file start.cif (mmCIF, C-alpha atoms)
data_protein
loop_
_atom_site.label_atom_id
_atom_site.label_comp_id
_atom_site.auth_asym_id
_atom_site.auth_seq_id
_atom_site.Cartn_x
_atom_site.Cartn_y
_atom_site.Cartn_z
CA MET A 1 -59.47 34.71 -37.39
CA THR A 2 -58.55 38.40 -37.58
CA ARG A 3 -56.76 38.11 -34.24
CA LEU A 4 -54.83 35.08 -35.46
CA LEU A 5 -53.78 36.92 -38.61
CA SER A 6 -52.69 39.91 -36.53
CA ILE A 7 -50.59 37.69 -34.28
CA LEU A 8 -49.03 35.98 -37.32
CA LEU A 9 -48.27 39.33 -38.98
CA VAL A 10 -46.70 40.81 -35.87
CA GLY A 11 -44.78 37.58 -35.34
CA ALA A 12 -43.45 37.62 -38.91
CA LEU A 13 -42.39 41.28 -38.62
CA CYS A 14 -40.81 40.55 -35.27
CA ALA A 15 -38.92 37.56 -36.66
CA LEU A 16 -37.58 39.58 -39.59
CA SER A 17 -36.50 42.53 -37.49
CA GLY A 18 -35.31 40.40 -34.60
CA CYS A 19 -37.70 42.36 -32.37
CA VAL A 20 -35.02 45.04 -32.15
CA THR A 21 -36.15 48.63 -32.20
CA LEU A 22 -33.69 51.27 -33.31
CA GLN A 23 -33.87 54.79 -31.98
CA PRO A 24 -33.93 57.61 -34.57
CA TRP A 25 -30.28 58.49 -33.91
CA GLU A 26 -29.35 54.85 -34.64
CA ARG A 27 -30.78 54.96 -38.15
CA GLY A 28 -28.33 57.35 -39.77
CA LEU A 29 -26.65 54.70 -41.88
CA LEU A 30 -29.97 53.36 -43.16
CA ASN A 31 -30.92 56.87 -44.27
CA SER A 32 -27.57 57.59 -45.95
CA ARG A 33 -27.21 58.07 -49.69
CA LEU A 34 -25.00 55.01 -49.72
CA MET A 35 -28.09 52.95 -48.84
CA ASP A 36 -30.40 54.67 -51.35
CA ASP A 37 -31.99 52.11 -53.62
CA PRO A 38 -32.28 53.01 -56.38
CA ALA A 39 -29.40 55.48 -56.35
CA ASP A 40 -31.02 57.56 -59.10
CA PRO A 41 -34.81 57.12 -59.42
CA LEU A 42 -35.08 59.11 -62.66
CA ALA A 43 -32.35 57.05 -64.32
CA THR A 44 -33.99 53.87 -63.06
CA LEU A 45 -37.24 55.01 -64.67
CA ALA A 46 -35.43 55.40 -67.99
CA ASP A 47 -33.81 51.97 -67.66
CA GLY A 48 -37.19 50.44 -66.84
CA HIS A 49 -38.58 51.81 -70.09
CA VAL A 50 -35.72 50.18 -72.03
CA ASP A 51 -36.10 46.87 -70.19
CA GLY A 52 -39.86 46.87 -70.83
CA ALA A 53 -39.20 47.16 -74.56
CA ARG A 54 -36.28 44.74 -74.74
CA GLU A 55 -37.57 41.97 -72.45
CA ALA A 56 -40.95 40.33 -71.85
CA ILE A 57 -40.57 40.51 -68.07
CA ALA A 58 -42.29 43.15 -65.92
CA GLY A 59 -43.38 43.78 -62.35
CA ALA A 60 -41.80 43.90 -58.90
CA GLU A 61 -39.33 46.49 -60.10
CA GLY A 62 -38.71 47.62 -56.53
CA ALA A 63 -40.18 48.42 -53.18
CA SER A 64 -42.32 51.55 -53.24
CA ALA A 65 -40.90 52.73 -49.91
CA ASP A 66 -37.83 51.86 -47.93
CA ALA A 67 -38.08 51.49 -44.20
CA CYS A 68 -35.89 53.91 -42.32
CA GLY A 69 -38.26 55.41 -39.76
CA CYS A 70 -36.71 58.76 -40.42
CA ASN A 71 -39.74 61.05 -40.52
CA MET B 1 -26.87 67.62 -71.72
CA ARG B 2 -28.10 71.14 -72.58
CA ALA B 3 -31.72 69.96 -72.17
CA ALA B 4 -30.91 68.58 -68.71
CA ALA B 5 -29.20 71.79 -67.63
CA THR B 6 -32.03 73.99 -68.94
CA SER B 7 -34.66 71.82 -67.24
CA ALA B 8 -32.71 71.92 -63.98
CA VAL B 9 -32.51 75.72 -64.00
CA LEU B 10 -36.24 76.11 -64.77
CA LEU B 11 -37.22 73.57 -62.15
CA SER B 12 -34.93 75.12 -59.59
CA LEU B 13 -36.44 78.58 -60.11
CA LEU B 14 -39.94 77.15 -59.73
CA LEU B 15 -38.83 75.16 -56.72
CA ALA B 16 -37.28 78.19 -55.02
CA GLY B 17 -40.53 80.11 -55.41
CA VAL B 18 -43.06 77.75 -53.93
CA ALA B 19 -41.33 75.06 -51.90
CA HIS B 20 -41.21 74.73 -48.14
CA GLY B 21 -39.62 71.93 -46.18
CA GLN B 22 -37.26 69.69 -48.12
CA SER B 23 -38.05 69.82 -51.83
CA ASP B 24 -36.08 68.42 -54.68
CA ALA B 25 -35.63 68.90 -58.45
CA ASP B 26 -33.92 66.44 -60.81
CA ALA B 27 -33.12 66.77 -64.47
CA ARG B 28 -31.22 64.39 -66.67
CA VAL B 29 -30.67 63.26 -70.22
CA ASP B 30 -29.77 59.74 -71.30
CA ILE B 31 -28.76 58.44 -74.69
CA TYR B 32 -29.45 54.83 -75.67
CA VAL B 33 -27.68 53.33 -78.67
CA ASP B 34 -27.81 49.83 -80.11
CA GLY B 35 -27.36 48.43 -83.61
CA ASP B 36 -30.89 49.39 -84.66
CA MET B 37 -31.97 52.36 -82.57
CA THR B 38 -30.82 55.61 -81.04
CA VAL B 39 -32.98 57.12 -78.29
CA VAL B 40 -32.36 60.48 -76.66
CA ALA B 41 -34.27 60.60 -73.37
CA PRO B 42 -34.45 63.88 -71.43
CA ALA B 43 -36.35 63.79 -68.14
CA ALA B 44 -37.10 66.05 -65.20
CA SER B 45 -38.84 65.60 -61.88
CA LEU B 46 -39.94 67.91 -59.11
CA HIS B 47 -40.87 67.00 -55.55
CA LEU B 48 -42.51 69.85 -53.66
CA GLU B 49 -43.21 69.89 -49.95
CA THR B 50 -45.58 72.82 -49.53
CA ASP B 51 -47.54 74.45 -46.71
CA ALA B 52 -50.61 72.62 -48.00
CA PRO B 53 -51.41 69.20 -46.49
CA VAL B 54 -50.31 67.46 -49.68
CA ASP B 55 -46.92 67.07 -51.33
CA VAL B 56 -46.65 67.31 -55.11
CA ASP B 57 -44.57 65.22 -57.51
CA ILE B 58 -44.29 66.07 -61.20
CA THR B 59 -42.22 64.02 -63.65
CA TRP B 60 -41.70 64.55 -67.35
CA GLN B 61 -39.96 62.10 -69.66
CA ALA B 62 -39.41 62.18 -73.41
CA ASN B 63 -37.99 59.67 -75.86
CA VAL B 64 -36.76 60.90 -79.21
CA LEU B 65 -36.31 57.70 -81.16
CA SER B 66 -34.69 57.17 -84.53
CA GLY B 67 -33.38 54.15 -86.36
CA ALA B 68 -34.43 51.13 -88.31
CA THR B 69 -36.17 47.99 -87.15
CA PRO B 70 -36.24 44.64 -88.98
CA LEU B 71 -39.53 43.89 -90.72
CA LEU B 72 -40.62 40.66 -92.34
CA THR B 73 -42.46 41.23 -95.59
CA ALA B 74 -44.08 38.94 -98.12
CA ASP B 75 -41.24 38.98 -100.56
CA VAL B 76 -38.21 39.81 -98.48
CA ILE B 77 -37.30 37.81 -95.38
CA SER B 78 -35.85 40.76 -93.52
CA SER B 79 -35.68 44.36 -94.56
CA ALA B 80 -35.36 47.50 -92.51
CA THR B 81 -38.17 49.92 -91.91
CA ARG B 82 -37.34 53.45 -90.84
CA VAL B 83 -38.68 54.46 -87.42
CA ASP B 84 -38.79 58.00 -86.10
CA ASP B 85 -40.97 58.84 -83.15
CA VAL B 86 -41.23 61.08 -80.13
CA ARG B 87 -42.86 60.10 -76.85
CA HIS B 88 -43.78 62.50 -74.08
CA ALA B 89 -44.94 61.25 -70.67
CA ILE B 90 -46.08 63.39 -67.75
CA ASP B 91 -46.80 62.13 -64.24
CA LEU B 92 -48.60 64.15 -61.58
CA GLY B 93 -48.67 62.75 -58.06
CA LEU B 94 -50.26 64.08 -54.88
CA SER B 95 -49.50 62.56 -51.49
CA GLY B 96 -50.65 63.26 -47.99
CA GLN B 97 -50.42 61.83 -44.50
CA PRO B 98 -53.73 61.26 -42.71
CA ASP B 99 -51.63 60.29 -39.69
CA PRO B 100 -47.85 60.34 -39.03
CA LEU B 101 -47.45 56.67 -39.96
CA THR B 102 -49.60 56.52 -43.08
CA THR B 103 -49.02 58.02 -46.52
CA MET B 104 -51.61 57.97 -49.29
CA THR B 105 -50.66 58.79 -52.88
CA GLY B 106 -52.62 59.36 -56.07
CA ASN B 107 -50.79 59.52 -59.38
CA ALA B 108 -51.96 60.23 -62.93
CA ARG B 109 -49.89 59.59 -66.04
CA VAL B 110 -50.38 60.61 -69.66
CA SER B 111 -48.03 59.39 -72.37
CA VAL B 112 -48.39 60.32 -76.04
CA GLU B 113 -46.70 59.21 -79.25
CA LYS B 114 -47.74 59.94 -82.83
CA ASP B 115 -50.00 56.90 -83.12
CA TYR B 116 -50.29 55.71 -79.50
CA ALA B 117 -51.37 57.12 -76.13
CA VAL B 118 -51.48 55.83 -72.55
CA ILE B 119 -53.51 57.12 -69.62
CA ALA B 120 -52.87 55.58 -66.20
CA GLY B 121 -54.00 56.19 -62.66
CA THR B 122 -52.42 54.79 -59.49
CA PHE B 123 -53.58 54.81 -55.90
CA ALA B 124 -51.09 53.76 -53.22
CA VAL B 125 -51.08 53.41 -49.45
CA GLN B 126 -48.07 52.80 -47.25
CA ARG B 127 -47.85 52.49 -43.49
CA GLU B 128 -44.98 52.29 -41.06
CA VAL B 129 -45.44 49.52 -38.53
CA ALA B 130 -43.56 47.68 -35.79
CA GLN B 131 -42.29 50.89 -34.20
CA ARG B 132 -41.24 52.19 -37.61
CA MET B 133 -39.04 49.17 -38.20
CA ALA B 134 -41.05 48.19 -41.29
CA VAL B 135 -43.08 49.77 -44.07
CA LEU B 136 -45.99 47.96 -45.70
CA SER B 137 -47.25 49.26 -49.02
CA ALA B 138 -50.00 48.45 -51.52
CA SER B 139 -50.99 50.04 -54.79
CA TYR B 140 -53.38 49.58 -57.68
CA THR B 141 -52.88 50.93 -61.21
CA ALA B 142 -55.36 51.04 -64.08
CA LEU B 143 -53.69 51.66 -67.43
CA PHE B 144 -55.55 52.41 -70.65
CA GLU B 145 -53.77 52.24 -74.01
CA HIS B 146 -55.08 53.48 -77.33
CA ALA B 147 -53.48 53.12 -80.76
CA TRP B 148 -54.42 54.51 -84.09
CA THR B 149 -52.46 53.69 -87.20
CA SER B 150 -52.59 54.35 -90.91
CA HIS B 151 -51.42 50.76 -91.37
CA HIS B 152 -54.07 48.03 -91.81
CA ASP B 153 -56.93 50.28 -92.95
CA GLY B 154 -56.53 52.85 -90.24
CA THR B 155 -56.95 50.43 -87.35
CA LYS B 156 -57.90 51.94 -83.98
CA GLN B 157 -57.63 49.76 -80.90
CA SER B 158 -57.62 49.99 -77.14
CA ALA B 159 -56.12 47.82 -74.42
CA MET B 160 -56.42 47.78 -70.66
CA THR B 161 -54.04 46.72 -67.90
CA HIS B 162 -54.83 46.24 -64.22
CA ARG B 163 -51.84 46.11 -61.90
CA ALA B 164 -51.57 45.48 -58.17
CA ASP B 165 -48.39 45.70 -56.09
CA VAL B 166 -47.78 44.86 -52.47
CA GLY B 167 -44.47 45.46 -50.81
CA SER B 168 -42.71 45.57 -47.52
CA SER B 169 -39.40 46.88 -46.34
CA PHE B 170 -37.86 45.76 -43.06
CA ILE B 171 -35.03 47.17 -40.99
CA LEU B 172 -33.05 44.16 -39.83
CA SER B 173 -30.25 46.05 -38.09
CA ARG B 174 -28.52 49.45 -38.05
CA SER B 175 -26.94 48.57 -41.39
CA THR B 176 -29.29 46.05 -43.04
CA ARG B 177 -32.56 46.48 -44.85
CA LEU B 178 -34.69 43.85 -46.63
CA ALA B 179 -37.35 44.65 -49.22
CA VAL B 180 -39.93 42.26 -50.67
CA THR B 181 -42.23 43.21 -53.56
CA VAL B 182 -44.93 41.19 -55.34
CA SER B 183 -46.74 42.38 -58.47
CA GLY B 184 -49.70 41.03 -60.40
CA LEU B 185 -50.66 42.32 -63.84
CA LEU B 186 -53.65 41.46 -65.99
CA HIS B 187 -53.67 42.68 -69.60
CA ALA B 188 -56.64 42.75 -71.94
CA CYS B 189 -54.83 43.21 -75.23
CA GLY B 190 -55.76 44.17 -78.75
CA ASP B 191 -54.18 42.37 -81.69
CA VAL B 192 -52.17 45.46 -82.59
CA ILE B 193 -51.40 46.90 -79.15
CA GLY B 194 -50.75 45.70 -75.63
CA CYS B 195 -48.72 42.66 -74.60
CA HIS B 196 -45.81 43.46 -76.96
CA ALA B 197 -48.19 43.34 -79.97
CA ASN B 198 -47.00 45.27 -82.99
CA PRO B 199 -49.10 45.97 -86.09
CA TYR B 200 -45.95 46.14 -88.20
CA ARG B 201 -44.53 42.73 -87.28
CA TYR B 202 -44.91 39.52 -89.31
CA VAL B 203 -43.99 35.88 -88.87
CA LEU B 204 -42.26 33.88 -91.53
CA VAL B 205 -44.25 30.94 -92.93
CA ILE B 206 -42.34 28.46 -95.07
CA SER B 207 -44.34 25.92 -97.08
CA PRO B 208 -42.99 23.51 -99.72
CA ASP B 209 -44.11 25.90 -102.48
CA ASP B 210 -43.78 29.37 -101.04
CA VAL B 211 -42.40 31.70 -98.41
CA LEU B 212 -44.95 34.04 -96.88
CA ALA B 213 -45.05 36.74 -94.22
CA VAL B 214 -48.20 36.57 -92.09
CA ARG B 215 -49.12 39.08 -89.40
CA GLU B 216 -48.38 37.86 -85.92
CA LEU B 217 -51.26 37.23 -83.54
CA HIS B 218 -51.12 37.12 -79.71
CA PRO B 219 -53.65 35.85 -77.15
CA ASP B 220 -56.02 38.61 -76.07
CA ARG B 221 -55.30 38.09 -72.36
CA ARG B 222 -52.11 37.92 -70.37
CA ALA B 223 -51.71 37.40 -66.62
CA ARG B 224 -48.29 38.07 -65.11
CA VAL B 225 -46.81 37.74 -61.62
CA ALA B 226 -43.43 38.81 -60.33
CA ALA B 227 -41.79 38.69 -56.91
CA LYS B 228 -38.57 40.34 -55.84
CA VAL B 229 -36.38 40.19 -52.77
CA LYS B 230 -33.64 42.75 -52.22
CA VAL B 231 -31.13 43.21 -49.42
CA SER B 232 -29.14 46.38 -48.78
CA GLN B 233 -26.17 46.02 -46.44
CA ALA B 234 -23.82 48.78 -45.36
CA PHE B 235 -20.23 47.98 -44.34
CA GLY B 236 -19.28 51.04 -42.36
CA ARG B 237 -19.93 54.52 -43.75
CA HIS B 238 -18.09 54.04 -47.03
CA VAL B 239 -19.27 50.78 -48.61
CA ALA B 240 -22.69 49.24 -49.21
CA LEU B 241 -23.96 46.25 -51.13
CA HIS B 242 -27.37 45.95 -52.77
CA ALA B 243 -28.34 42.46 -53.98
CA GLY B 244 -31.67 41.44 -55.48
CA TYR B 245 -33.43 38.56 -57.17
CA ARG B 246 -36.70 38.60 -59.10
CA PHE B 247 -38.81 35.68 -60.29
CA TYR B 248 -41.33 36.17 -63.07
CA ALA B 249 -44.02 33.96 -64.67
CA ASP B 250 -46.94 34.60 -66.99
CA SER B 251 -49.83 32.87 -68.72
CA TRP B 252 -47.91 32.73 -72.01
CA ALA B 253 -45.48 30.26 -70.38
CA ILE B 254 -42.69 32.83 -70.11
CA THR B 255 -40.64 32.51 -66.96
CA GLY B 256 -37.82 34.79 -65.98
CA HIS B 257 -35.06 35.17 -63.44
CA THR B 258 -33.31 38.47 -62.81
CA ALA B 259 -30.36 38.92 -60.48
CA GLU B 260 -28.76 42.26 -59.70
CA LEU B 261 -25.81 43.34 -57.60
CA ASP B 262 -24.65 46.90 -56.88
CA VAL B 263 -21.69 48.11 -54.85
CA GLY B 264 -21.85 51.65 -53.50
CA LEU B 265 -18.80 53.60 -52.39
CA ALA B 266 -18.93 56.95 -50.58
CA GLY B 267 -16.25 59.51 -49.78
CA LEU B 268 -15.93 63.13 -48.62
CA ASP B 269 -18.97 62.84 -46.32
CA GLU B 270 -21.10 61.45 -49.16
CA ARG B 271 -20.26 64.35 -51.45
CA LEU B 272 -18.62 61.81 -53.74
CA LEU B 273 -20.59 58.67 -54.53
CA LEU B 274 -19.66 55.82 -56.84
CA ARG B 275 -22.02 53.01 -57.77
CA LEU B 276 -20.88 49.96 -59.77
CA GLY B 277 -23.30 47.24 -60.63
CA GLY B 278 -24.53 44.44 -62.80
CA ARG B 279 -27.77 42.77 -63.78
CA MET B 280 -28.47 39.41 -65.40
CA THR B 281 -31.76 38.23 -66.88
CA ARG B 282 -32.78 34.85 -68.26
CA GLN B 283 -36.14 34.57 -69.99
CA THR B 284 -37.85 31.56 -71.62
CA ALA B 285 -39.87 31.90 -74.83
CA ALA B 286 -43.62 32.37 -75.13
CA SER B 287 -45.40 29.07 -75.83
CA PHE B 288 -46.47 30.25 -79.30
CA TYR B 289 -43.12 31.73 -80.37
CA GLU B 290 -41.33 30.32 -83.41
CA ALA B 291 -38.52 31.92 -85.36
CA LYS B 292 -40.28 30.57 -88.48
CA TYR B 293 -43.31 28.38 -89.09
CA ASP B 294 -43.08 25.39 -91.43
CA ALA B 295 -46.69 25.01 -92.57
CA GLU B 296 -49.06 25.19 -95.50
CA PRO B 297 -50.48 28.74 -95.74
CA GLY B 298 -53.92 27.55 -94.59
CA LEU B 299 -52.51 25.69 -91.58
CA VAL B 300 -50.61 28.49 -89.87
CA PRO B 301 -51.15 28.35 -86.07
CA GLY B 302 -53.83 30.71 -84.82
CA LEU B 303 -51.44 32.22 -82.26
CA ARG B 304 -48.04 33.11 -83.64
CA THR B 305 -45.18 35.49 -83.01
CA GLY B 306 -41.69 36.00 -84.29
CA ASP B 307 -41.00 38.78 -81.80
CA ARG B 308 -37.41 38.63 -80.61
CA GLU B 309 -38.43 39.95 -77.20
CA LEU B 310 -40.85 37.04 -76.77
CA SER B 311 -38.18 34.46 -77.61
CA GLY B 312 -35.87 32.94 -75.04
CA LEU B 313 -33.15 35.45 -74.15
CA TRP B 314 -30.25 36.23 -71.90
CA SER B 315 -29.11 39.71 -71.00
CA TRP B 316 -26.11 40.90 -69.02
CA ARG B 317 -25.62 44.50 -67.94
CA VAL B 318 -22.64 46.15 -66.28
CA GLY B 319 -22.17 49.80 -65.56
CA GLY B 320 -21.40 52.56 -63.14
CA ARG B 321 -22.46 55.97 -61.93
CA VAL B 322 -20.46 58.70 -60.25
CA GLU B 323 -21.95 61.67 -58.41
CA GLY B 324 -20.32 64.79 -57.01
CA ALA B 325 -22.23 67.09 -54.65
CA TRP B 326 -21.81 70.62 -53.30
CA LEU B 327 -23.51 71.84 -50.14
CA GLY B 328 -25.02 75.29 -49.62
CA VAL B 329 -24.98 76.52 -53.21
CA GLY B 330 -27.03 79.73 -53.38
CA PRO B 331 -30.55 78.99 -52.12
CA PHE B 332 -30.00 75.24 -52.32
CA LEU B 333 -29.10 72.87 -49.53
CA ARG B 334 -27.32 70.56 -51.91
CA VAL B 335 -26.59 70.43 -55.64
CA ALA B 336 -25.30 67.21 -57.22
CA MET B 337 -24.18 66.31 -60.71
CA SER B 338 -23.84 62.76 -61.94
CA ILE B 339 -22.76 60.83 -65.00
CA ARG B 340 -23.41 57.19 -65.73
CA VAL B 341 -22.76 54.62 -68.40
CA HIS B 342 -23.78 51.01 -68.82
CA HIS B 343 -23.56 48.33 -71.45
CA THR B 344 -26.02 45.49 -72.01
CA TRP B 345 -25.38 42.34 -74.01
CA TYR B 346 -28.51 40.59 -75.26
CA LEU B 347 -28.36 37.03 -76.55
CA TYR B 348 -31.32 35.47 -78.40
CA PRO B 349 -30.50 31.78 -78.95
CA ASP B 350 -33.86 31.10 -80.66
CA PHE B 351 -33.82 34.08 -83.03
CA PRO B 352 -31.41 33.20 -85.86
CA TRP B 353 -31.98 36.42 -87.86
CA ALA B 354 -30.25 38.60 -85.25
CA PRO B 355 -29.08 36.49 -82.30
CA ARG B 356 -27.19 39.31 -80.52
CA ARG B 357 -27.70 42.91 -79.60
CA ASN B 358 -25.32 45.28 -77.82
CA ALA B 359 -26.73 48.39 -76.19
CA TRP B 360 -25.00 51.37 -74.59
CA VAL B 361 -26.60 53.93 -72.29
CA GLY B 362 -24.86 57.11 -71.20
CA GLY B 363 -26.40 59.85 -69.11
CA PHE B 364 -25.87 63.09 -67.25
CA GLY B 365 -28.01 64.41 -64.39
CA ILE B 366 -28.40 67.37 -62.04
CA ASP B 367 -30.16 67.19 -58.69
CA ALA B 368 -30.96 70.23 -56.51
CA GLU B 369 -32.42 70.11 -52.99
CA TYR B 370 -34.07 73.20 -51.56
#

call {"tool": "encode", "arguments": {"input": "start.cif", "output": "structure tokens"}}
result
Amino acid sequence: MTRLLSILLVGALCALSGCVTLQPWERGLLNSRLMDDPADPLATLADGHVDGAREAIAGAEGASADACGCN
Amino acid sequence: MRAAATSAVLLSLLLAGVAHGQSDADARVDIYVDGDMTVVAPAASLHLETDAPVDVDITWQANVLSGATPLLTADVISSATRVDDVRHAIDLGLSGQPDPLTTMTGNARVSVEKDYAVIAGTFAVQREVAQRMAVLSASYTALFEHAWTSHHDGTKQSAMTHRADVGSSFILSRSTRLAVTVSGLLHACGDVIGCHANPYRYVLVISPDDVLAVRELHPDRRARVAAKVKVSQAFGRHVALHAGYRFYADSWAITGHTAELDVGLAGLDERLLLRLGGRMTRQTAASFYEAKYDAEPGLVPGLRTGDRELSGLWSWRVGGRVEGAWLGVGPFLRVAMSIRVHHTWYLYPDFPWAPRRNAWVGGFGIDAEY
């Protein structure tokens, strides 16, 4: 069962990424400020506080980490 | 603006003294204004990469709130009650890497107002997989709220929230990234705090003989789920598009859809950045929401709310942000200043007392990298 789940997980990741691996020097655009999301985390925190008070919707505000493989 | 500048200078001095590697200090102040409220919100954050095996993140936020909010009372349908409050929130986060692909983070938060406090703890793990083409992340947050009020015989109450998030971010190409996030929240609420409860809010009860204001009452549990998909796509080195959609549902029968779209423009080797964007939200009402209740006083529903934020609503937001950066300023690798402004229109079709709200936010920020 664990093996099946591992195969499914790897398969899903592979399908999403097209099984293409980028070298570090090919990831410059992904790591650019243009691709930062959010552009301003502190401002987004402030907006989230407003939205939490003005709407009844919460959760899934954003991904906790963006993939760039830049470390 | 002066608070942001002062915070930036203090943070920068601290940063210059202890940081190694790439550290970062942000300071900003935002002002929120709508028909009822004005909120001044200074904030500062510090990310320190030190010689120690852990990195440190410290964030401080404050909200200085003043204005008037509508209040239903027994003899007046809608009057205004004066609200003045100050909130301070401090986050302390420590993160470390047990191996080059895994990051573990612990975060503690304390938030205090004059009659309300929040303590929260978060533990998060993220791991790069598929030859660093994807990041998987998971986190759990326990949040404890406590309120004490001179209203209603000095009521003291506590509420608890458990929150779990799982997320993933995938590199699809040299210029495309996809992020998926799912959140689950479970609230155990009091009748005066948690789950949008408010000890100062009443519902209007209209019977053939009388008009009464009765305190609102929410369920004491609320389960919420939300899922979001977001795509970031660069078109060359000067233009990028960020598009997202979020679905939300909860056990109070509220469902929501949020769509957002940002366009980023870069010039002068990313020393000049412009971001223009919009956000739209549609929310249905809680199952027990009514603008007013037509009932005999003894037959008022056990669960009741007249809260505008729990009614059906639409909101539309448009705005922009511009940032200018300078490289190699004194001891800093990069110093950036930004201004932003956005406007939100709220429409409450089921809340006849105040069916519209217009809100402006303007802000100024400084960011220094060491």

call {"tool": "resolve_selection", "arguments": {"input": "start.cif", "expression": "the PyMOL selection byres ((chain B and resi 285) around 12)", "output": "ChimeraX atom specification"}}
result
/A:55-57 /B:249-256,282-284,286-291,305-314,348-351

call {"tool": "atom_distance", "arguments": {"input": "start.cif", "atom1": "atom CA of B:Asp26", "atom2": "atom CA of A:Gly52"}}
result
22.8 Å

call {"tool": "atom_distance", "arguments": {"input": "start.cif", "atom1": "atom CA of B:Arg163", "atom2": "atom CA of A:Glu61"}}
result
12.6 Å

call {"tool": "closest_atom_pairs", "arguments": {"input": "start.cif", "of": "stretch 266-343 of chain B", "to": "stretch 19-39 of chain A", "cutoff": "9 Å", "atoms": "only C-alpha atoms", "output": "Markdown table"}}
result
| residue | atom | partner | partner_atom | distance |
| --- | --- | --- | --- | --- |
| B:Ala266 | CA | A:Leu34 | CA | 6.4 |
| B:Glu270 | CA | A:Arg33 | CA | 7.0 |
| B:Leu273 | CA | A:Leu34 | CA | 7.5 |
| B:Leu274 | CA | A:Leu34 | CA | 8.9 |
| B:Arg275 | CA | A:Ala39 | CA | 7.9 |
| B:Arg321 | CA | A:Ala39 | CA | 8.9 |

call {"tool": "residues_around", "arguments": {"input": "start.cif", "residues": "B:Asn358", "least_positions_apart": "5", "cutoff": "10 Å", "atoms": "only C-alpha atoms", "output": "list in words"}}
result
Val33, Asp34, Gly35, Asp36, Ser315, Trp316, Arg317, His343, Thr344, Trp345, Tyr346 and Leu347 of chain B

call {"tool": "atom_distance", "arguments": {"input": "start.cif", "atom1": "atom CA of B:Asp85", "atom2": "atom CA of A:His49"}}
result
15.0 Å

call {"tool": "residues_near_point", "arguments": {"input": "start.cif", "point": "(-50.6, 36.8, -78.0)", "cutoff": "9 Å", "atoms": "all atoms listed in the file", "output": "PyMOL selection string"}}
result
chain B and resi 189+191+195-197+216-222+252+286+288+303-305

call {"tool": "residues_around", "arguments": {"input": "start.cif", "residues": "B:Val64", "least_positions_apart": "5", "cutoff": "9 Å", "atoms": "only C-alpha atoms", "output": "list of chain:residue names"}}
result
B:Thr38, B:Val39, B:Val40, B:Ala41, B:Pro42, B:Asp84, B:Asp85, B:Val86, B:Arg87, B:His88

call {"tool": "closest_residue", "arguments": {"input": "start.cif", "among": "B:Ser207, B:Ser111, B:Ser45, B:Thr105", "to": "chain A", "atoms": "all atoms listed in the file"}}
result
B:Ser45

call {"tool": "closest_residue", "arguments": {"input": "start.cif", "among": "A:Ala53, A:Gly48, A:Ala58, A:Leu42", "to": "B:Ala223", "atoms": "only C-alpha atoms"}}
result
A:Ala58

call {"tool": "closest_residue", "arguments": {"input": "start.cif", "among": "B:Arg215, B:Arg334, B:Arg109, B:Lys228", "to": "chain A", "atoms": "all atoms listed in the file"}}
result
B:Lys228

call {"tool": "resolve_selection", "arguments": {"input": "start.cif", "expression": "the PyMOL selection byres ((chain A and resi 60) around 10)", "output": "PyMOL selection string"}}
result
(chain A and resi 57-59+61-64) or (chain B and resi 164-167+180-184+225-229+246-248)

call {"tool": "closest_residue", "arguments": {"input": "start.cif", "among": "B:Val56, B:Val300, B:Ile366, B:Ala89", "to": "B:Ile206", "atoms": "only C-alpha atoms"}}
result
B:Val300

call {"tool": "axis_aligned_box", "arguments": {"input": "start.cif", "around": "stretch 209-222 of chain B", "padding_each_side": "8 Å", "output": "lines of an AutoDock Vina configuration file"}}
result
center_x = -49.2
center_y = 32.5
center_z = -86.4
size_x = 29.6
size_y = 29.2
size_z = 48.1

call {"tool": "resolve_selection", "arguments": {"input": "start.cif", "expression": "the PyMOL selection byres ((chain B and resi 362) around 7)", "output": "count of residues only"}}
result
9

call {"tool": "decode", "arguments": {"input": "start.cif", "residues": "stretch 308-325 of chain B", "atoms": "C-alpha atoms", "output": "PDB file, in the first residue's frame"}}
result
ATOM      1  CA  ARG B 308     -23.416  41.901   8.116  1.00  0.00           C
ATOM      2  CA  GLU B 309     -20.278  39.819   7.619  1.00  0.00           C
ATOM      3  CA  LEU B 310     -22.319  36.616   7.981  1.00  0.00           C
ATOM      4  CA  SER B 311     -24.865  37.728   5.382  1.00  0.00           C
ATOM      5  CA  GLY B 312     -24.482  37.093   1.680  1.00  0.00           C
ATOM      6  CA  LEU B 313     -21.950  39.535   0.231  1.00  0.00           C
ATOM      7  CA  TRP B 314     -19.945  40.519  -2.788  1.00  0.00           C
ATOM      8  CA  SER B 315     -16.648  42.332  -2.667  1.00  0.00           C
ATOM      9  CA  TRP B 316     -14.482  43.727  -5.452  1.00  0.00           C
ATOM     10  CA  ARG B 317     -10.980  45.066  -4.893  1.00  0.00           C
ATOM     11  CA  VAL B 318      -8.649  46.839  -7.293  1.00  0.00           C
ATOM     12  CA  GLY B 319      -5.323  48.390  -6.521  1.00  0.00           C
ATOM     13  CA  GLY B 320      -1.663  48.744  -7.223  1.00  0.00           C
ATOM     14  CA  ARG B 321       1.769  48.872  -5.678  1.00  0.00           C
ATOM     15  CA  VAL B 322       4.961  50.472  -6.915  1.00  0.00           C
ATOM     16  CA  GLU B 323       8.429  49.744  -5.554  1.00  0.00           C
ATOM     17  CA  GLY B 324      11.754  51.433  -6.212  1.00  0.00           C
ATOM     18  CA  ALA B 325      15.018  49.815  -5.092  1.00  0.00           C
TER      19      ALA B 325
END
